[in-house]
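Inspection log for the structure reproduced underneath, given as structure tokens.
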Amino acid sequence: MQIDNDADARFAATTQSFLTWFQSLPGATFRSDLIAIEDLRSRNAGRGIVARTDIAADTVLFTIPRSSIICTATSALKNEIPGIFDLEGDEDGNSDSGGEDGTSSSQDSWTLLILILIYEYLQGDASQWKPYLDVLPSAFDTPMFWSPTELAELQASALVTKVGREEADRMIRSKILPVIRGHDHVFFPHGRQRLDDDQLFELAHRMGSAIMAYAFDLEKDDDANEEASEQDEWVDDREGRTMLGMVPMADMLNADAEFNAYINHGADSLTATALRTIKAGEEILNYYGPLPNGELLRRYGYVTPKHARYDVVELPWDLIEAGLRERVGDRMSPADWEQVNKLTRSDDDFEESFVLERSSEDPDSTGQLEGDATFTGLPDELSDQFKTFLKATKTVGHVDLVSDKDTRKVVFLQVVFDALRARERQYATSLEDDQSLVDAGQLTERQRMGVWVRMGEKQLLREAQTWVQHQMGGLQDRVSDDLRQDDGPAAKRRRT
Ligand SMILES: C[S@@+](CC[C@H](N)C(=O)[O-])C[C@H]1O[C@@H](n2cnc3c(N)ncnc32)[C@H](O)[C@@H]1O
């Protein structure tokens with residue numbers, strides 16, 4: 001208990017030093033009469049900002065001067081090793097010249113920010129951002145850091161293939177460590193103990209994960225701002241971001257699919273503004289975009305009930321093909337099936353899998369969502385590929401697997417239905433098993449999040465099945481009749 005108290009006191013002291021530091025920055029504002037940074041660890045949300053009193057819509061809650069953002073423009077690392085900042089890549093700061101020596105042309109905005117954060121962190125008290133770096137987490141719950149047993153909780157989720165641990169390891173080995181090792185005197189100021197490769201590796205992972213969950217895309221100019229807002233005013237395009245920066249205080253806000261504040265990017269400063277009336281005690285929430293829980297977990301290490309509306313599940317084409325073969329496989333020789341399979345895959349537009357998702361309205365201008373998200377249809381690309389596949393069976397096998405348009409539609413739905421069920425069986429447990437596990441309340445936080453992600457996908461698979469069944473309506477009998485009628489001519493046309 002004493003240890004807990006000490007740790008809590010340290011946590012509170014670190015928060016307070018950060019706030020004091022922030023308020024001392026020229027041009028910074030923080031409405032401490034309206035808001036406070038709170039310890040939300042009891043609900044696994046780290047620190048967050050909470051309303052102390054009712055707040056009127058459009059109130060500016062805090063202001064962050066651009067000079068306090070950690071980025072290539074502000075860090076002293078640029079003066080120390082100017083060479084690595086000469087981006088020779090495209091305008092987005094991406095470079096593909098890919099040298100393995102960690103020199104200029106192999107860096108991009110992502111790796112540069114990792115180097116900057118490592119540099120500032122190793123400067124200790126000499127870094128102007130020390131109180132900010134002290135409130136950044138040293139451990140993360142993103143799947144990148146999960147054990148194989150924890151990852152197994154994701155079962156058949158496509159998230160398993162997107163964790164990216166190996167890619168991150170390779171990037172650190174080729175682009176981060178060589179720069180630090182080549183400039184030891186810059187990264188390790190006098191008196192600072194050198195870190196060995198393992199320690200540096202861990203530090204680079206930590207900074208990379210902090211960037212993933214905390215960094216902002218700093219639009220370069222007004223044109224970029226306008227363009228972004230025309231496209232989608234809420235969506236933070238984290239893949240294509242141009243100039244990355246760590247924005248103290250803006251990144252103290254937690255986020256959800258419904259939110260009540262937003263960060264406005266001004267010329268000299270960024271401001272956090274209330275989107276609507278916020279009641280005393282409510283958390284001030286930002287928005288990371290319409291992300292499925294799997295993606296929220298991958299980037300930020302958490303899941304929320306409200307993000308479940310954006311859940312997605314991948315339906316592999318192999319299951320569709322297997323379903324079709326199951327139903328009408330005997331009409332074409334195995335060798336022809338094989339050839340059709342190859343032909344379809346050689347098409348430039350061929351898709352290995354299709355993403356299923358619900359239709360959902362965007363949040364309104366006050367950050368609120370109306371109505372439920374519902375499954376309203378399969379991707380057009382899936383039915384297009386199905387048609388292409390059937391065409392190939394005509395070309396190769398000289399068979400018309402499904403003669404008329406209506407029958408083709410129903411066969412398509414049947415095959416998709418089979419594929420959805422097969423996809424659901426790829427998960428080791430059923431939706432009902434998972435619900436019992438959640439209800440029992442014995443899961444660790446990571447297990448709980450893994451179970452949520454897989455449950456969200458299974459739930460969506462069930463909704464898609466219901467939708468498909470509904471579309472098929474009473475047509476089942478008609479289809480079997482059609483297939484029976486088809487049997488004769490198709491069988492006759494079959495090549496042997
Ligand atoms: C930009 S930071 C927000 C501040 C953070 N809570 C902290 O203590 O530093 C993003 C991280 O906060 C946490 N977070 C954000 N929104 C959350 C939410 N609605 N529920 C739980 N955790 C959340 C996640 O760990 C995420 O990676």
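Here's how to read the names in the structure tokens: chain A, B, ... by the order shown, residue numbers from 1 in each chain, ligand numbers from 1 in the order shown.
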Would you tabulate, counting only C-alpha atoms and all ligand atoms, all residues of chain A that have an atom at most 7 Å from an atom of ligand 1, showing the closest pair of atoms and their distance in Å to one decimal, sorted by chain then ascending number, as CSV?
```
residue,atom,partner,partner_atom_place_in_ligand_line,distance
A:Asn44,CA,ligand 1,21 (C),5.7
A:Ala45,CA,ligand 1,22 (N),3.6
A:Gly46,CA,ligand 1,8 (O),3.6
A:Arg47,CA,ligand 1,8 (O),3.5
A:Gly48,CA,ligand 1,6 (N),5.2
A:Val135,CA,ligand 1,9 (O),6.5
A:Leu136,CA,ligand 1,9 (O),5.7
A:Pro137,CA,ligand 1,9 (O),6.4
A:Ala213,CA,ligand 1,27 (O),4.6
A:Tyr214,CA,ligand 1,1 (C),4.2
A:Asp251,CA,ligand 1,1 (C),3.9
A:Met252,CA,ligand 1,4 (C),4.0
A:Leu253,CA,ligand 1,3 (C),4.8
A:Asn254,CA,ligand 1,16 (N),3.5
A:Ala255,CA,ligand 1,16 (N),4.1
A:Asp256,CA,ligand 1,19 (N),5.0
A:Tyr300,CA,ligand 1,27 (O),3.6
A:Gly301,CA,ligand 1,27 (O),5.3
A:Tyr302,CA,ligand 1,22 (N),5.5
A:Val303,CA,ligand 1,20 (N),6.8
A:Thr304,CA,ligand 1,19 (N),6.4
```
Shell around Val416 of chain A at 12 Å using only C-alpha atoms, local window under 5 positions removed, as a PDB file with C-alpha atoms, in the first residue's frame:
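Final output, part.pdb:
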```pdb
ATOM      1  CA  LEU A 315     -13.296 -12.273 -46.075  1.00  0.00           C
ATOM      2  CA  PRO A 316     -10.629 -14.138 -48.056  1.00  0.00           C
ATOM      3  CA  TRP A 317     -11.399 -14.897 -51.693  1.00  0.00           C
ATOM      4  CA  ASP A 318     -10.208 -18.487 -51.136  1.00  0.00           C
ATOM      5  CA  LEU A 319     -13.317 -19.139 -49.040  1.00  0.00           C
ATOM      6  CA  ILE A 320     -15.580 -17.840 -51.814  1.00  0.00           C
ATOM      7  CA  GLU A 321     -13.845 -19.991 -54.370  1.00  0.00           C
ATOM      8  CA  ALA A 322     -14.014 -23.019 -52.062  1.00  0.00           C
ATOM      9  CA  GLY A 323     -17.735 -22.363 -51.491  1.00  0.00           C
ATOM     10  CA  LEU A 324     -18.425 -22.215 -55.228  1.00  0.00           C
ATOM     11  CA  ARG A 327     -21.648 -26.256 -54.742  1.00  0.00           C
ATOM     12  CA  PHE A 354     -12.539  -8.234 -49.111  1.00  0.00           C
ATOM     13  CA  LEU A 356     -16.721  -6.175 -44.768  1.00  0.00           C
ATOM     14  CA  GLY A 377     -24.239  -4.761 -48.305  1.00  0.00           C
ATOM     15  CA  LEU A 378     -21.243  -6.634 -49.612  1.00  0.00           C
ATOM     16  CA  PRO A 379     -18.406  -4.807 -51.366  1.00  0.00           C
ATOM     17  CA  LEU A 382     -16.516  -8.943 -54.365  1.00  0.00           C
ATOM     18  CA  SER A 383     -19.443  -9.465 -56.732  1.00  0.00           C
ATOM     19  CA  PHE A 386     -17.234 -13.398 -58.640  1.00  0.00           C
ATOM     20  CA  ARG A 408     -26.124 -16.081 -60.431  1.00  0.00           C
ATOM     21  CA  LYS A 409     -27.150 -13.579 -57.802  1.00  0.00           C
ATOM     22  CA  VAL A 410     -28.595 -16.241 -55.548  1.00  0.00           C
ATOM     23  CA  VAL A 411     -25.686 -18.631 -56.031  1.00  0.00           C
ATOM     24  CA  ARG A 421     -19.792 -19.272 -41.886  1.00  0.00           C
ATOM     25  CA  ALA A 422     -16.450 -20.807 -42.789  1.00  0.00           C
ATOM     26  CA  ARG A 423     -14.753 -17.537 -41.829  1.00  0.00           C
ATOM     27  CA  LEU A 461     -19.847 -11.867 -39.609  1.00  0.00           C
ATOM     28  CA  ALA A 464     -23.477 -10.136 -42.680  1.00  0.00           C
ATOM     29  CA  GLN A 465     -24.968 -13.641 -42.597  1.00  0.00           C
ATOM     30  CA  THR A 466     -28.339 -12.266 -41.510  1.00  0.00           C
ATOM     31  CA  TRP A 467     -28.181  -9.685 -44.284  1.00  0.00           C
ATOM     32  CA  VAL A 468     -27.333 -12.344 -46.896  1.00  0.00           C
ATOM     33  CA  GLN A 469     -30.123 -14.600 -45.662  1.00  0.00           C
ATOM     34  CA  GLN A 471     -31.441 -11.005 -49.450  1.00  0.00           C
ATOM     35  CA  MET A 472     -31.932 -14.607 -50.404  1.00  0.00           C
TER      36      MET A 472
END
```
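Minimum atom-to-atom distances from A:Ala210, A:Val247, A:Ile81, A:Ile278 to Phe259 of chain A were compared using only C-alpha atoms, and the lowest value belongs to A:Ile278.
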Just list as JSON, numbers by chain whatever in segment 230-321 of chain A DSSP marks as alpha helix (DSSP H). {"A": [230, 231, 232, 293, 294, 295, 296, 297, 298, 299, 300, 317, 318, 319, 320, 321]}
Could you pull out the residues in segment 226-389 of chain A that DSSP calls strand (DSSP E) from the backbone, as a ChimeraX atom specification? /A:244-245,254-255,261-265,269-274,285-286,312-316,353-357
Any chance you can output those residues with C-alpha atoms as a JSON list (two decimals), in the first residue's frame?
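Writing the result to part02.json gives the following:
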```
[["chain", "number", "residue", "atom", "x", "y", "z"],
["A", 244, "LEU", "CA", 5.04, 14.86, -37.73],
["A", 245, "GLY", "CA", 5.30, 16.42, -34.31],
["A", 254, "ASN", "CA", -8.02, 10.84, -24.73],
["A", 255, "ALA", "CA", -10.33, 10.09, -27.62],
["A", 261, "ALA", "CA", -13.40, 18.84, -28.51],
["A", 262, "TYR", "CA", -11.10, 19.33, -31.44],
["A", 263, "ILE", "CA", -7.64, 20.63, -32.12],
["A", 264, "ASN", "CA", -7.49, 23.55, -34.50],
["A", 265, "HIS", "CA", -4.17, 24.00, -36.33],
["A", 269, "SER", "CA", -0.42, 27.85, -32.32],
["A", 270, "LEU", "CA", -2.80, 24.93, -31.98],
["A", 271, "THR", "CA", -5.96, 25.35, -29.90],
["A", 272, "ALA", "CA", -8.26, 22.87, -28.21],
["A", 273, "THR", "CA", -11.88, 24.01, -28.45],
["A", 274, "ALA", "CA", -15.12, 22.65, -26.99],
["A", 285, "LEU", "CA", -12.33, 13.88, -25.78],
["A", 286, "ASN", "CA", -10.59, 14.23, -29.10],
["A", 312, "VAL", "CA", -14.34, -4.66, -40.04],
["A", 313, "VAL", "CA", -13.65, -8.25, -40.95],
["A", 314, "GLU", "CA", -11.70, -9.62, -43.89],
["A", 315, "LEU", "CA", -13.30, -12.27, -46.08],
["A", 316, "PRO", "CA", -10.63, -14.14, -48.06],
["A", 353, "SER", "CA", -9.64, -10.63, -49.55],
["A", 354, "PHE", "CA", -12.54, -8.23, -49.11],
["A", 355, "VAL", "CA", -13.22, -5.98, -46.20],
["A", 356, "LEU", "CA", -16.72, -6.18, -44.77],
["A", 357, "GLU", "CA", -18.00, -3.22, -42.79]]
```
Report as an NGL selection string all protein, DNA and RNA residues lying within 12 Å of His183 of chain A, evaluated on only C-alpha atoms, omitting residues in the same chain fewer than 3 positions from it. :A and (77 or 80-84 or 102-103 or 115 or 119 or 176-180 or 186-189 or 194)
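Among the candidates A:Arg206, A:Lys342, A:Lys306, A:Lys387, the one nearest to Asp141 of chain A when counting only C-alpha atoms is A:Arg206.
Atom CA of Ile114 of chain A is found 10.9 Å from atom CA of Met171 of chain A.
Straight-line separation from atom CA of Asp268 of chain A to atom CA of Arg66 of chain A: 5.5 Å.
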Which polymer residues have any atom within 12 Å of an atom of Thr444 of chain A, counting only C-alpha atoms, with same-chain residues fewer than 6 positions away left out, as a ChimeraX atom specification? /A:44,141,150,153,437-438,450-451
Pick out the residues sitting within 12 Å of Lys162 of chain A, and hand them over as a ChimeraX atom specification; count only C-alpha atoms, and ignore anything fewer than 2 positions along from it in its own chain. /A:142-144,151,154,157-160,164-168,294-295,297-299
Please produce a file of those selected residues containing C-alpha atoms, as a short mmCIF file (atom, residue, chain, number, x, y, z; two decimals), in the first residue's frame.
```cif
data_model
loop_
_atom_site.label_atom_id
_atom_site.label_comp_id
_atom_site.auth_asym_id
_atom_site.auth_seq_id
_atom_site.Cartn_x
_atom_site.Cartn_y
_atom_site.Cartn_z
CA THR A 142 -0.32 -2.14 -28.37
CA PRO A 143 -0.06 -5.72 -29.75
CA MET A 144 3.53 -4.93 -30.78
CA LEU A 151 -1.54 -12.44 -29.42
CA LEU A 154 -6.85 -12.37 -31.47
CA SER A 157 -8.35 -11.66 -36.76
CA ALA A 158 -6.44 -10.09 -39.66
CA LEU A 159 -4.89 -7.84 -37.01
CA VAL A 160 -2.42 -10.66 -36.25
CA GLY A 164 4.45 -5.20 -37.61
CA ARG A 165 7.01 -6.17 -34.99
CA GLU A 166 9.54 -7.51 -37.52
CA GLU A 167 9.24 -4.44 -39.77
CA ALA A 168 9.76 -2.18 -36.77
CA GLY A 294 -8.65 -3.70 -34.16
CA GLU A 295 -6.97 -0.65 -35.64
CA LEU A 297 -5.76 -1.41 -30.58
CA ARG A 298 -2.92 -1.65 -33.10
CA ARG A 299 -2.15 2.07 -33.06
#
```
Do a neighbour search on Thr53 of chain A at 7 Å with only C-alpha atoms, toss out local chain neighbours closer than 3 positions, and write the hits as a PyMOL selection string. chain A and resi 34+279-281
